[in-house]
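**Q** Submitted below is the structure of interest, expressed as structure tokens.
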Number of protein chains: 2
Amino acid sequence: MTQTASPLPERGPTGRRTAKGSLAAKSAQRVERPAPLRQVVYDALAELIINRTLEPGQHLVEADLAEYLGVSRQPVREALQRLQTEGWVDLRPAQGAFVHMPTDEEADQLLGVRAVLETHSARLAAGCASEADVARLWELQNAGLEALAADDSEGLVSANADLHAFLTELTGNAVLAELIGLVDRRVRWYYTPIARPRGHDAWHEHAELIEAVAAHDVDKAEKIMAHHTERTRQAFHERPEAARE
Amino acid sequence: MTQTASPLPERGPTGRRTAKGSLAAKSAQRVERPAPLRQVVYDALAELIINRTLEPGQHLVEADLAEYLGVSRQPVREALQRLQTEGWVDLRPAQGAFVHMPTDEEADQLLGVRAVLETHSARLAAGCASEADVARLWELQNAGLEALAADDSEGLVSANADLHAFLTELTGNAVLAELIGLVDRRVRWYYTPIARPRGHDAWHEHAELIEAVAAHDVDKAEKIMAHHTERTRQAFHERPEAARE
DNA sequence: AGTTGGGATTTTGCATACCAAAACCTGTAT
DNA sequence: ATACAGGTTTTGGTATGCAAAATCCCAACT
């Protein structure tokens with residue numbers, strides 16, 4: 001494992017490596033790119049898993065997925081790799097991919113981590129939110145209330161996700177935002193089936209939170225979010241008899 | 001994107017899917033498995049990146065890596081995919097993989113997230129550490145002190161990692177442990193070049209932390225870890241003129 | 001009945017070959 | 001210098017082949 005001296009093949013004089021070429025670091029990709037196929041496959045599979053078309057525990061056969069999606073095995077494999085690192089499927093060596101089976105214990109652990117990250121996120125956001133940001137938060141809050149009034153379960157979940165996501169962006173901490181995004185998506189997968197019971201309370205807590213953010217009261221924002229996520233966790237444990245399926 | 005009815009190809013009568021087959025859920029893999037090649041490649045590349053054989057910004061050509069490692073392009077591609085999701089390389093569409101270039105801002109964000117996660121980890125660990133666990137912590141602590149006395153920089157870093165890793169295992173929260181593992185590894189990558197200055201202080205703080213854990217004083221453990229990680233963060237900002245390279 | 005054992009069949013994991021499109025490099029003409 | 005044109009490299013994806021491993025099925029045996 002300990003590699004010896006021999007460096008990478010230095011290739012001919014027309015080599016293209018320019019390790020220290022100073023590139024315009026800030027300008028990212030502006031032009032529209034036609035989305036790599038593996039990304040499309042990843043999105044498709046994630047969607048199929050989240051909406052339970054692919055059931056937990058199901059064996060995902062590469063060839064079948066490839067045929068179903070009309071692509072070759074390679075992009076499917078790459079998508080499965082990524083789905084594994086993000087916890088959606090389990091890749092058992094020499095056996096292939098299986099849709100991850102959420103356990104109660106794991107759900108609780110995810111909710112615990114989520115609580116910590118979101119709580120910190122709320123504190124940071126409260127510390128640096130502009131007036132425009134607060135206005136946007138109220139917009140998202142209203143969208144959620146409308147979904148609540150219309151009993152639009154799916155809209156409620158996505159409105160909730162949007163609000164939390166925007167809050168994490170406010171922190172200006174991209175690493176934190178990415179991590180929360182990962183954890184939240186999985187929490188939603190576990191939690192969606194029982195999201196209905198909690199609703200009024202949750203959105204009332206959101207309102208309090210936004211007020212604290214608007215007032216730049218970091219301690220209060222942190223405390224409210226801690227309560228908010230902790231109650232969500234309790235709601236998960238006190239859920240009705242929907243333990244199975 | 002909204003898929004229609006047509007399910008996965010149901011395949012012939014010899015199909016193998018048994019979604020609800022009751023399997024002995026608890027027994028995991030016991031036998032030794034010969035490590036998938038993509039995993040070996042992943043480890044090799046991660047090591048090459050961490051020890052700076054592959055410099056930040058360097059263009060990683062699949063064919064070169066494949067030749068260098070003596071494998072085909074396929075496992076290399078899969079390894080690169082995973083390296084991307086974990087932040088070691090950037091995969092620019094149609095251009096390939098480049099070793100990620102750490103920025104000061106990103107390092108700070110990582111240290112911030114790490115502080116939050118480790119702090120929570122310390123609290124949980126203090127709440128549920130057995131006497132045997134505490135004894136093991138002291139072992140690891142002593143290993144670190146020896147490395148410190150011997151001025152063994154590499155040993156110091158790995159001893160530090162071992163101690164923190166064991167603490168996260170104690171929490172019993174696998175999700176938290178995994179996340180901390182990810183973040184810590186990257187922090188170490190950024191931080192290693194300047195790890196020396198801080199040393200005595202850090203290991204003194206470790207001792208205090210272990211005492212708090214042994215006494216099951218969760219608040220104290222949390223507080224100490226918060227200080228510990230925050231000081232590490234400051235040490236990063238107040239680092240000497242090693243800002244470049 | 002219940003278990004054991006031996007193929008037959010699938011599926012993965014990896015290698016190889018091939019190709020279009022995109023990006024890059026370079027040299028030349030402006 | 002700038003812009004253009006052409007050649008080269010590299011990616012991203014397809015197709016194919018194949019050994020090893022895992023699974024399944026069915027028949028023989030306690």
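Identifiers in the structure tokens: chain A, B, ... in order shown; residue index from 1 per chain; ligand index from 1 in order shown.
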How would you write, as JSON, numbers by chain, the set of residues in stretch 58-197 of chain B that DSSP gives as helix (DSSP H, G or I)?

**A** {"B": [62, 63, 64, 65, 66, 67, 68, 69, 73, 74, 75, 76, 77, 78, 79, 80, 81, 82, 83, 84, 85, 104, 105, 106, 107, 108, 109, 110, 111, 112, 113, 114, 115, 116, 117, 118, 119, 120, 121, 122, 123, 124, 125, 126, 127, 128, 131, 132, 133, 134, 135, 136, 137, 138, 139, 140, 141, 142, 143, 144, 145, 146, 147, 148, 149, 153, 154, 155, 156, 157, 158, 159, 160, 161, 162, 163, 164, 165, 166, 167, 168, 169, 170, 174, 175, 176, 177, 178, 179, 180, 181, 182, 183, 184, 185, 186, 187, 188, 189, 190, 191, 192, 193, 194]}

**Q** Based on the selection just made, write C-alpha atoms of those residues as a short mmCIF file (atom, residue, chain, number, x, y, z; two decimals), in the first residue's frame.

**A**
data_model
loop_
_atom_site.label_atom_id
_atom_site.label_comp_id
_atom_site.auth_asym_id
_atom_site.auth_seq_id
_atom_site.Cartn_x
_atom_site.Cartn_y
_atom_site.Cartn_z
CA GLU B 62 -8.20 8.88 -15.59
CA ALA B 63 -5.99 7.01 -17.99
CA ASP B 64 -2.84 8.10 -16.16
CA LEU B 65 -4.17 7.09 -12.78
CA ALA B 66 -5.32 3.77 -14.19
CA GLU B 67 -1.91 3.06 -15.63
CA TYR B 68 -0.15 4.21 -12.47
CA LEU B 69 -2.27 1.96 -10.28
CA ARG B 73 -10.40 3.19 -16.07
CA GLN B 74 -13.60 1.85 -14.56
CA PRO B 75 -12.56 1.49 -10.92
CA VAL B 76 -10.69 4.77 -11.18
CA ARG B 77 -13.81 6.54 -12.33
CA GLU B 78 -15.84 5.08 -9.52
CA ALA B 79 -13.24 6.07 -6.98
CA LEU B 80 -13.17 9.61 -8.35
CA GLN B 81 -16.93 9.84 -8.04
CA ARG B 82 -16.74 8.99 -4.40
CA LEU B 83 -13.78 11.29 -3.83
CA GLN B 84 -15.92 14.06 -5.18
CA THR B 85 -18.90 13.49 -2.93
CA ASP B 104 -9.09 29.60 4.00
CA GLU B 105 -12.78 30.32 4.05
CA GLU B 106 -13.65 26.68 3.52
CA ALA B 107 -11.21 25.57 6.18
CA ASP B 108 -12.87 27.92 8.60
CA GLN B 109 -16.29 26.57 7.72
CA LEU B 110 -15.09 23.02 8.20
CA LEU B 111 -13.61 23.89 11.56
CA GLY B 112 -16.88 25.49 12.53
CA VAL B 113 -18.92 22.42 11.65
CA ARG B 114 -16.38 20.20 13.30
CA ALA B 115 -16.65 22.21 16.48
CA VAL B 116 -20.40 21.77 16.59
CA LEU B 117 -20.31 18.05 15.90
CA GLU B 118 -17.44 17.26 18.23
CA THR B 119 -18.97 19.31 20.99
CA HIS B 120 -22.18 17.37 20.77
CA SER B 121 -20.21 14.16 20.54
CA ALA B 122 -18.37 14.97 23.77
CA ARG B 123 -21.63 15.53 25.59
CA LEU B 124 -23.08 12.23 24.42
CA ALA B 125 -19.89 10.34 25.17
CA ALA B 126 -19.74 11.73 28.69
CA GLY B 127 -23.25 10.50 29.22
CA CYS B 128 -22.61 6.89 28.41
CA GLU B 131 -15.05 2.49 33.00
CA ALA B 132 -13.42 0.39 30.33
CA ASP B 133 -14.04 3.16 27.83
CA VAL B 134 -12.40 5.70 30.10
CA ALA B 135 -9.41 3.42 30.54
CA ARG B 136 -9.07 3.18 26.78
CA LEU B 137 -9.23 6.95 26.53
CA TRP B 138 -6.33 7.27 28.91
CA GLU B 139 -4.38 4.78 26.84
CA LEU B 140 -4.90 6.86 23.74
CA GLN B 141 -4.04 9.99 25.67
CA ASN B 142 -0.75 8.48 26.75
CA ALA B 143 0.05 7.43 23.21
CA GLY B 144 -0.42 11.03 22.22
CA LEU B 145 1.81 12.32 25.00
CA GLU B 146 4.54 9.92 23.94
CA ALA B 147 4.34 11.12 20.36
CA LEU B 148 4.48 14.67 21.68
CA ALA B 149 7.60 13.94 23.71
CA SER B 153 4.51 14.87 14.13
CA GLU B 154 2.78 12.19 12.13
CA GLY B 155 2.20 10.06 15.18
CA LEU B 156 0.77 13.05 16.97
CA VAL B 157 -1.76 13.70 14.28
CA SER B 158 -2.87 10.10 14.12
CA ALA B 159 -3.02 9.79 17.90
CA ASN B 160 -5.22 12.84 17.99
CA ALA B 161 -7.43 11.36 15.32
CA ASP B 162 -7.65 8.06 17.19
CA LEU B 163 -8.70 9.74 20.39
CA HIS B 164 -11.39 11.81 18.76
CA ALA B 165 -12.59 8.84 16.72
CA PHE B 166 -12.93 6.66 19.78
CA LEU B 167 -14.87 9.38 21.52
CA THR B 168 -17.33 9.56 18.64
CA GLU B 169 -17.78 5.80 18.72
CA LEU B 170 -18.70 6.02 22.38
CA ALA B 174 -23.26 5.89 13.99
CA VAL B 175 -24.54 8.75 11.85
CA LEU B 176 -22.77 11.29 13.99
CA ALA B 177 -19.60 9.22 13.96
CA GLU B 178 -19.61 8.94 10.21
CA LEU B 179 -20.14 12.65 9.70
CA ILE B 180 -17.40 13.56 12.14
CA GLY B 181 -15.12 11.10 10.41
CA LEU B 182 -15.69 12.83 7.10
CA VAL B 183 -15.21 16.33 8.43
CA ASP B 184 -12.23 15.45 10.58
CA ARG B 185 -10.34 13.83 7.76
CA ARG B 186 -10.63 16.93 5.68
CA VAL B 187 -9.79 19.20 8.56
CA ARG B 188 -6.65 17.19 9.07
CA TRP B 189 -5.74 17.60 5.44
CA TYR B 190 -5.99 21.35 5.69
CA TYR B 191 -4.57 21.61 9.14
CA THR B 192 -1.68 19.15 9.22
CA PRO B 193 0.88 21.54 7.77
CA ILE B 194 0.47 23.76 10.80
#

**Q** Set the distance at 6 Å and use only C-alpha atoms (C1' of nucleotides): which residues neighbour B:Gly57 once local chain neighbours fewer than 5 positions away are removed? I'd like the list as a PyMOL selection string.

**A** (chain A and resi 19) or (chain B and resi 98-101)

**Q** Considering only C-alpha atoms (C1' of nucleotides), extract the chain A residues located within 7 Å of chain D and return them as a compact mmCIF listing (two decimals) with N, CA and C atoms, in the first residue's frame.

**A**
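Result file part-v1.txt:
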# COMPACT_ATOMS: atom_id res chain seq x y z
N SER A 72 -26.72 2.74 -20.37
CA SER A 72 -25.89 1.56 -20.19
C SER A 72 -25.58 1.37 -18.70
N ALA A 94 -20.01 -7.82 -4.21
CA ALA A 94 -20.32 -9.00 -5.01
C ALA A 94 -21.80 -9.35 -4.99
N GLN A 95 -22.62 -8.50 -4.40
CA GLN A 95 -24.05 -8.79 -4.40
C GLN A 95 -24.86 -7.66 -5.01

**Q** Using only C-alpha atoms (C1' of nucleotides) and a distance of at most 8 Å, pull out the residues of chain C that contact chain B, as a list in words.

**A**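 Every residue meeting the condition is included here: DG13, DC14, DA15, DA22 and DA23 of chain C.
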
**Q** How many Å lie between atom CA of B:Ser130 and atom CA of B:Ala215, rounded to one decimal?

**A**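 Distance between the two atoms: 10.3 Å.
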
**Q** How many Å separate atom CA of A:Asn173 from atom CA of B:Glu238?

**A**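 Computing it gives 20.5 Å between the two atoms.
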